[in-house]
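Asker: If you scroll down you'll find the structure; I have some questions about it.
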Amino acid sequence: MSHRATGPFEVKVVPQKPDTQIAKGEMLATHTEVQGSAAYVALERVTGTLKGRTGSFVLQHSATMIRGKPAASVTVVPDSGTGQLKGISGKMNLTIAPDGAHSYEFDYLVEPEE
């Protein structure tokens, strides 16, 4: 059975050195000379609780902005789940409201624990 998690989030990009051997995220981005055109790729470790299950997993981001129109793909890296989120799979849709507020819809499936 698949599940959906939704909510707002803030974008905060701060260059830093990893605080552990396993960095929480890495991002590469570029802008062009054309206003509103850009791209980014990123890997992000998410740690938390989903439907009472705790653990972590890695999201793979790939996004472009073509003259202000965004297109993004955010998916769970296969076999990246840990703890009770081992076996998680899914995709995330990101939304940016006209006022700049960000939100997500995360459709995911966690394999039953053995």
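Going by the structure tokens order, chains are called A, B, ..., each with residues numbered from 1, while ligands are numbered from 1 in the order shown.
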Name all residues at most 12 Å from A:Ala71 (count only C-alpha atoms; drop same-chain ones fewer than 2 positions away) and give them as a PyMOL selection string.
Answerer: chain A and resi 37-40+61-69+73-74+93-96
Asker: From the DSSP assignment of the backbone, select every residue of chain A that is strand (DSSP E), and format the answer as a PDB file with N, CA and C atoms, in the first residue's frame.
Answerer:
ATOM      1  N   HIS A   3       1.719   5.374   0.332  1.00  0.00           N
ATOM      2  CA  HIS A   3       1.355   6.435   1.252  1.00  0.00           C
ATOM      3  C   HIS A   3       1.732   7.771   0.640  1.00  0.00           C
ATOM      4  N   ARG A   4       1.192   8.858   1.217  1.00  0.00           N
ATOM      5  CA  ARG A   4       1.544  10.205   0.771  1.00  0.00           C
ATOM      6  C   ARG A   4       1.853  11.059   1.994  1.00  0.00           C
ATOM      7  N   ALA A   5       2.973  11.750   1.935  1.00  0.00           N
ATOM      8  CA  ALA A   5       3.331  12.739   2.954  1.00  0.00           C
ATOM      9  C   ALA A   5       3.379  14.086   2.251  1.00  0.00           C
ATOM     10  N   THR A   6       2.867  15.130   2.903  1.00  0.00           N
ATOM     11  CA  THR A   6       2.856  16.462   2.306  1.00  0.00           C
ATOM     12  C   THR A   6       3.274  17.488   3.344  1.00  0.00           C
ATOM     13  N   GLY A   7       3.733  18.643   2.880  1.00  0.00           N
ATOM     14  CA  GLY A   7       4.049  19.712   3.811  1.00  0.00           C
ATOM     15  C   GLY A   7       4.896  20.797   3.187  1.00  0.00           C
ATOM     16  N   PRO A   8       5.062  21.887   3.916  1.00  0.00           N
ATOM     17  CA  PRO A   8       5.908  22.982   3.440  1.00  0.00           C
ATOM     18  C   PRO A   8       7.369  22.705   3.784  1.00  0.00           C
ATOM     19  N   PHE A   9       8.275  23.400   3.105  1.00  0.00           N
ATOM     20  CA  PHE A   9       9.689  23.342   3.462  1.00  0.00           C
ATOM     21  C   PHE A   9      10.353  24.629   3.028  1.00  0.00           C
ATOM     22  N   GLY A  25      23.969  16.079   2.267  1.00  0.00           N
ATOM     23  CA  GLY A  25      23.517  16.476   0.940  1.00  0.00           C
ATOM     24  C   GLY A  25      24.622  17.144   0.145  1.00  0.00           C
ATOM     25  N   GLU A  26      24.521  17.029  -1.140  1.00  0.00           N
ATOM     26  CA  GLU A  26      25.436  17.687  -2.069  1.00  0.00           C
ATOM     27  C   GLU A  26      24.600  18.247  -3.194  1.00  0.00           C
ATOM     28  N   MET A  27      24.919  19.478  -3.646  1.00  0.00           N
ATOM     29  CA  MET A  27      24.132  20.117  -4.696  1.00  0.00           C
ATOM     30  C   MET A  27      25.053  20.869  -5.648  1.00  0.00           C
ATOM     31  N   LEU A  28      24.770  20.749  -6.919  1.00  0.00           N
ATOM     32  CA  LEU A  28      25.429  21.543  -7.954  1.00  0.00           C
ATOM     33  C   LEU A  28      24.348  22.319  -8.680  1.00  0.00           C
ATOM     34  N   ALA A  29      24.588  23.607  -8.904  1.00  0.00           N
ATOM     35  CA  ALA A  29      23.579  24.436  -9.568  1.00  0.00           C
ATOM     36  C   ALA A  29      24.246  25.403 -10.530  1.00  0.00           C
ATOM     37  N   THR A  30      23.476  25.837 -11.520  1.00  0.00           N
ATOM     38  CA  THR A  30      23.967  26.827 -12.468  1.00  0.00           C
ATOM     39  C   THR A  30      22.821  27.728 -12.909  1.00  0.00           C
ATOM     40  N   HIS A  31      23.161  28.958 -13.217  1.00  0.00           N
ATOM     41  CA  HIS A  31      22.215  29.913 -13.794  1.00  0.00           C
ATOM     42  C   HIS A  31      22.740  30.279 -15.175  1.00  0.00           C
ATOM     43  N   ALA A  38      17.773  28.001 -15.345  1.00  0.00           N
ATOM     44  CA  ALA A  38      18.784  27.460 -14.444  1.00  0.00           C
ATOM     45  C   ALA A  38      18.608  25.949 -14.343  1.00  0.00           C
ATOM     46  N   ALA A  39      19.501  25.316 -13.597  1.00  0.00           N
ATOM     47  CA  ALA A  39      19.396  23.876 -13.363  1.00  0.00           C
ATOM     48  C   ALA A  39      20.130  23.519 -12.085  1.00  0.00           C
ATOM     49  N   TYR A  40      19.708  22.380 -11.484  1.00  0.00           N
ATOM     50  CA  TYR A  40      20.471  21.837 -10.358  1.00  0.00           C
ATOM     51  C   TYR A  40      20.330  20.325 -10.306  1.00  0.00           C
ATOM     52  N   VAL A  41      21.313  19.698  -9.717  1.00  0.00           N
ATOM     53  CA  VAL A  41      21.273  18.282  -9.376  1.00  0.00           C
ATOM     54  C   VAL A  41      21.695  18.191  -7.914  1.00  0.00           C
ATOM     55  N   ALA A  42      21.145  17.239  -7.196  1.00  0.00           N
ATOM     56  CA  ALA A  42      21.478  17.122  -5.781  1.00  0.00           C
ATOM     57  C   ALA A  42      21.214  15.721  -5.270  1.00  0.00           C
ATOM     58  N   LEU A  43      21.940  15.369  -4.217  1.00  0.00           N
ATOM     59  CA  LEU A  43      21.683  14.174  -3.430  1.00  0.00           C
ATOM     60  C   LEU A  43      21.451  14.653  -2.011  1.00  0.00           C
ATOM     61  N   GLU A  44      20.384  14.168  -1.377  1.00  0.00           N
ATOM     62  CA  GLU A  44      19.996  14.653  -0.056  1.00  0.00           C
ATOM     63  C   GLU A  44      19.595  13.492   0.842  1.00  0.00           C
ATOM     64  N   ARG A  45      20.252  13.379   2.000  1.00  0.00           N
ATOM     65  CA  ARG A  45      19.874  12.347   2.968  1.00  0.00           C
ATOM     66  C   ARG A  45      18.767  12.913   3.851  1.00  0.00           C
ATOM     67  N   VAL A  46      17.652  12.183   3.926  1.00  0.00           N
ATOM     68  CA  VAL A  46      16.504  12.571   4.737  1.00  0.00           C
ATOM     69  C   VAL A  46      16.429  11.613   5.921  1.00  0.00           C
ATOM     70  N   THR A  47      16.354  12.161   7.127  1.00  0.00           N
ATOM     71  CA  THR A  47      16.242  11.356   8.339  1.00  0.00           C
ATOM     72  C   THR A  47      14.975  11.772   9.070  1.00  0.00           C
ATOM     73  N   GLY A  48      14.153  10.789   9.446  1.00  0.00           N
ATOM     74  CA  GLY A  48      12.930  11.149  10.141  1.00  0.00           C
ATOM     75  C   GLY A  48      12.015   9.964  10.347  1.00  0.00           C
ATOM     76  N   THR A  49      10.716  10.269  10.507  1.00  0.00           N
ATOM     77  CA  THR A  49       9.699   9.258  10.771  1.00  0.00           C
ATOM     78  C   THR A  49       8.567   9.403   9.765  1.00  0.00           C
ATOM     79  N   LEU A  50       8.181   8.307   9.136  1.00  0.00           N
ATOM     80  CA  LEU A  50       7.050   8.251   8.212  1.00  0.00           C
ATOM     81  C   LEU A  50       6.097   7.172   8.698  1.00  0.00           C
ATOM     82  N   ARG A  53       7.452   4.905  11.291  1.00  0.00           N
ATOM     83  CA  ARG A  53       8.706   4.198  10.995  1.00  0.00           C
ATOM     84  C   ARG A  53       9.847   5.203  10.944  1.00  0.00           C
ATOM     85  N   THR A  54      10.933   4.926  11.662  1.00  0.00           N
ATOM     86  CA  THR A  54      12.078   5.838  11.681  1.00  0.00           C
ATOM     87  C   THR A  54      13.229   5.269  10.864  1.00  0.00           C
ATOM     88  N   GLY A  55      14.022   6.162  10.340  1.00  0.00           N
ATOM     89  CA  GLY A  55      15.183   5.775   9.553  1.00  0.00           C
ATOM     90  C   GLY A  55      15.598   6.912   8.645  1.00  0.00           C
ATOM     91  N   SER A  56      16.314   6.568   7.591  1.00  0.00           N
ATOM     92  CA  SER A  56      16.744   7.577   6.627  1.00  0.00           C
ATOM     93  C   SER A  56      16.715   6.987   5.223  1.00  0.00           C
ATOM     94  N   PHE A  57      16.824   7.879   4.235  1.00  0.00           N
ATOM     95  CA  PHE A  57      16.916   7.469   2.830  1.00  0.00           C
ATOM     96  C   PHE A  57      17.509   8.640   2.066  1.00  0.00           C
ATOM     97  N   VAL A  58      17.913   8.391   0.830  1.00  0.00           N
ATOM     98  CA  VAL A  58      18.541   9.421   0.008  1.00  0.00           C
ATOM     99  C   VAL A  58      17.615   9.775  -1.154  1.00  0.00           C
ATOM    100  N   LEU A  59      17.445  11.092  -1.370  1.00  0.00           N
ATOM    101  CA  LEU A  59      16.689  11.589  -2.520  1.00  0.00           C
ATOM    102  C   LEU A  59      17.651  12.068  -3.596  1.00  0.00           C
ATOM    103  N   GLN A  60      17.342  11.753  -4.838  1.00  0.00           N
ATOM    104  CA  GLN A  60      18.099  12.229  -6.000  1.00  0.00           C
ATOM    105  C   GLN A  60      17.260  13.289  -6.696  1.00  0.00           C
ATOM    106  N   HIS A  61      17.797  14.523  -6.802  1.00  0.00           N
ATOM    107  CA  HIS A  61      17.108  15.640  -7.452  1.00  0.00           C
ATOM    108  C   HIS A  61      17.736  15.911  -8.818  1.00  0.00           C
ATOM    109  N   SER A  62      16.917  16.226  -9.780  1.00  0.00           N
ATOM    110  CA  SER A  62      17.364  16.709 -11.090  1.00  0.00           C
ATOM    111  C   SER A  62      16.302  17.699 -11.559  1.00  0.00           C
ATOM    112  N   ALA A  63      16.697  18.972 -11.722  1.00  0.00           N
ATOM    113  CA  ALA A  63      15.687  19.985 -12.037  1.00  0.00           C
ATOM    114  C   ALA A  63      16.219  21.030 -13.009  1.00  0.00           C
ATOM    115  N   THR A  64      15.304  21.567 -13.800  1.00  0.00           N
ATOM    116  CA  THR A  64      15.625  22.678 -14.694  1.00  0.00           C
ATOM    117  C   THR A  64      14.541  23.737 -14.558  1.00  0.00           C
ATOM    118  N   MET A  65      14.916  24.952 -14.873  1.00  0.00           N
ATOM    119  CA  MET A  65      13.977  26.069 -14.924  1.00  0.00           C
ATOM    120  C   MET A  65      14.191  26.691 -16.295  1.00  0.00           C
ATOM    121  N   ILE A  66      13.150  26.649 -17.120  1.00  0.00           N
ATOM    122  CA  ILE A  66      13.230  27.187 -18.474  1.00  0.00           C
ATOM    123  C   ILE A  66      12.406  28.459 -18.528  1.00  0.00           C
ATOM    124  N   LYS A  69       9.771  28.437 -15.919  1.00  0.00           N
ATOM    125  CA  LYS A  69       8.910  27.253 -15.806  1.00  0.00           C
ATOM    126  C   LYS A  69       9.737  26.081 -15.282  1.00  0.00           C
ATOM    127  N   PRO A  70       9.430  25.593 -14.055  1.00  0.00           N
ATOM    128  CA  PRO A  70      10.224  24.519 -13.466  1.00  0.00           C
ATOM    129  C   PRO A  70       9.815  23.129 -13.948  1.00  0.00           C
ATOM    130  N   ALA A  71      10.800  22.255 -14.008  1.00  0.00           N
ATOM    131  CA  ALA A  71      10.585  20.832 -14.270  1.00  0.00           C
ATOM    132  C   ALA A  71      11.563  20.084 -13.378  1.00  0.00           C
ATOM    133  N   ALA A  72      11.045  19.215 -12.532  1.00  0.00           N
ATOM    134  CA  ALA A  72      11.910  18.526 -11.580  1.00  0.00           C
ATOM    135  C   ALA A  72      11.559  17.058 -11.465  1.00  0.00           C
ATOM    136  N   SER A  73      12.579  16.275 -11.145  1.00  0.00           N
ATOM    137  CA  SER A  73      12.412  14.861 -10.843  1.00  0.00           C
ATOM    138  C   SER A  73      13.139  14.614  -9.524  1.00  0.00           C
ATOM    139  N   VAL A  74      12.401  14.123  -8.535  1.00  0.00           N
ATOM    140  CA  VAL A  74      12.993  13.805  -7.234  1.00  0.00           C
ATOM    141  C   VAL A  74      12.556  12.385  -6.886  1.00  0.00           C
ATOM    142  N   THR A  75      13.523  11.470  -6.784  1.00  0.00           N
ATOM    143  CA  THR A  75      13.206  10.066  -6.518  1.00  0.00           C
ATOM    144  C   THR A  75      14.077   9.525  -5.391  1.00  0.00           C
ATOM    145  N   VAL A  76      13.564   8.504  -4.722  1.00  0.00           N
ATOM    146  CA  VAL A  76      14.339   7.815  -3.692  1.00  0.00           C
ATOM    147  C   VAL A  76      15.391   6.959  -4.394  1.00  0.00           C
ATOM    148  N   ILE A  88      12.393   1.412   1.244  1.00  0.00           N
ATOM    149  CA  ILE A  88      11.526   2.499   0.783  1.00  0.00           C
ATOM    150  C   ILE A  88      11.787   2.812  -0.686  1.00  0.00           C
ATOM    151  N   SER A  89      10.716   3.173  -1.390  1.00  0.00           N
ATOM    152  CA  SER A  89      10.819   3.660  -2.768  1.00  0.00           C
ATOM    153  C   SER A  89       9.796   4.772  -2.911  1.00  0.00           C
ATOM    154  N   GLY A  90      10.003   5.646  -3.875  1.00  0.00           N
ATOM    155  CA  GLY A  90       9.012   6.686  -4.077  1.00  0.00           C
ATOM    156  C   GLY A  90       9.510   7.856  -4.888  1.00  0.00           C
ATOM    157  N   LYS A  91       8.587   8.787  -5.130  1.00  0.00           N
ATOM    158  CA  LYS A  91       8.860  10.000  -5.900  1.00  0.00           C
ATOM    159  C   LYS A  91       8.260  11.182  -5.168  1.00  0.00           C
ATOM    160  N   MET A  92       8.896  12.336  -5.345  1.00  0.00           N
ATOM    161  CA  MET A  92       8.437  13.548  -4.694  1.00  0.00           C
ATOM    162  C   MET A  92       8.168  14.614  -5.735  1.00  0.00           C
ATOM    163  N   ASN A  93       7.042  15.305  -5.578  1.00  0.00           N
ATOM    164  CA  ASN A  93       6.728  16.463  -6.409  1.00  0.00           C
ATOM    165  C   ASN A  93       6.935  17.710  -5.571  1.00  0.00           C
ATOM    166  N   LEU A  94       7.654  18.683  -6.138  1.00  0.00           N
ATOM    167  CA  LEU A  94       7.910  19.946  -5.459  1.00  0.00           C
ATOM    168  C   LEU A  94       7.072  21.030  -6.106  1.00  0.00           C
ATOM    169  N   THR A  95       6.528  21.930  -5.285  1.00  0.00           N
ATOM    170  CA  THR A  95       5.713  23.031  -5.778  1.00  0.00           C
ATOM    171  C   THR A  95       6.239  24.337  -5.218  1.00  0.00           C
ATOM    172  N   ILE A  96       6.325  25.348  -6.087  1.00  0.00           N
ATOM    173  CA  ILE A  96       6.703  26.687  -5.654  1.00  0.00           C
ATOM    174  C   ILE A  96       5.528  27.601  -5.941  1.00  0.00           C
ATOM    175  N   HIS A 102       7.528  27.052  -0.699  1.00  0.00           N
ATOM    176  CA  HIS A 102       7.783  25.718  -1.246  1.00  0.00           C
ATOM    177  C   HIS A 102       6.977  24.679  -0.475  1.00  0.00           C
ATOM    178  N   SER A 103       6.515  23.643  -1.192  1.00  0.00           N
ATOM    179  CA  SER A 103       5.859  22.515  -0.546  1.00  0.00           C
ATOM    180  C   SER A 103       6.170  21.248  -1.333  1.00  0.00           C
ATOM    181  N   TYR A 104       5.863  20.105  -0.719  1.00  0.00           N
ATOM    182  CA  TYR A 104       6.140  18.821  -1.365  1.00  0.00           C
ATOM    183  C   TYR A 104       4.965  17.876  -1.207  1.00  0.00           C
ATOM    184  N   GLU A 105       4.894  16.918  -2.129  1.00  0.00           N
ATOM    185  CA  GLU A 105       4.017  15.752  -2.036  1.00  0.00           C
ATOM    186  C   GLU A 105       4.914  14.550  -2.285  1.00  0.00           C
ATOM    187  N   PHE A 106       5.007  13.669  -1.319  1.00  0.00           N
ATOM    188  CA  PHE A 106       5.901  12.524  -1.390  1.00  0.00           C
ATOM    189  C   PHE A 106       5.070  11.253  -1.393  1.00  0.00           C
ATOM    190  N   ASP A 107       5.014  10.578  -2.534  1.00  0.00           N
ATOM    191  CA  ASP A 107       4.322   9.291  -2.657  1.00  0.00           C
ATOM    192  C   ASP A 107       5.362   8.194  -2.502  1.00  0.00           C
ATOM    193  N   TYR A 108       5.158   7.321  -1.506  1.00  0.00           N
ATOM    194  CA  TYR A 108       6.186   6.331  -1.199  1.00  0.00           C
ATOM    195  C   TYR A 108       5.568   4.996  -0.782  1.00  0.00           C
ATOM    196  N   LEU A 109       6.402   3.983  -0.834  1.00  0.00           N
ATOM    197  CA  LEU A 109       6.043   2.640  -0.437  1.00  0.00           C
ATOM    198  C   LEU A 109       7.212   2.089   0.383  1.00  0.00           C
ATOM    199  N   VAL A 110       6.920   1.473   1.515  1.00  0.00           N
ATOM    200  CA  VAL A 110       7.952   0.806   2.318  1.00  0.00           C
ATOM    201  C   VAL A 110       7.610  -0.660   2.351  1.00  0.00           C
TER     202      VAL A 110
END
Asker: My list of candidates is A:Thr82, A:Ser2, A:Ala101, A:Val34. Which is closest to A:Lys51 when distances are computed with only C-alpha atoms?
Answerer: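 Residue with the minimum atom-to-atom distance to A:Lys51: A:Ser2.
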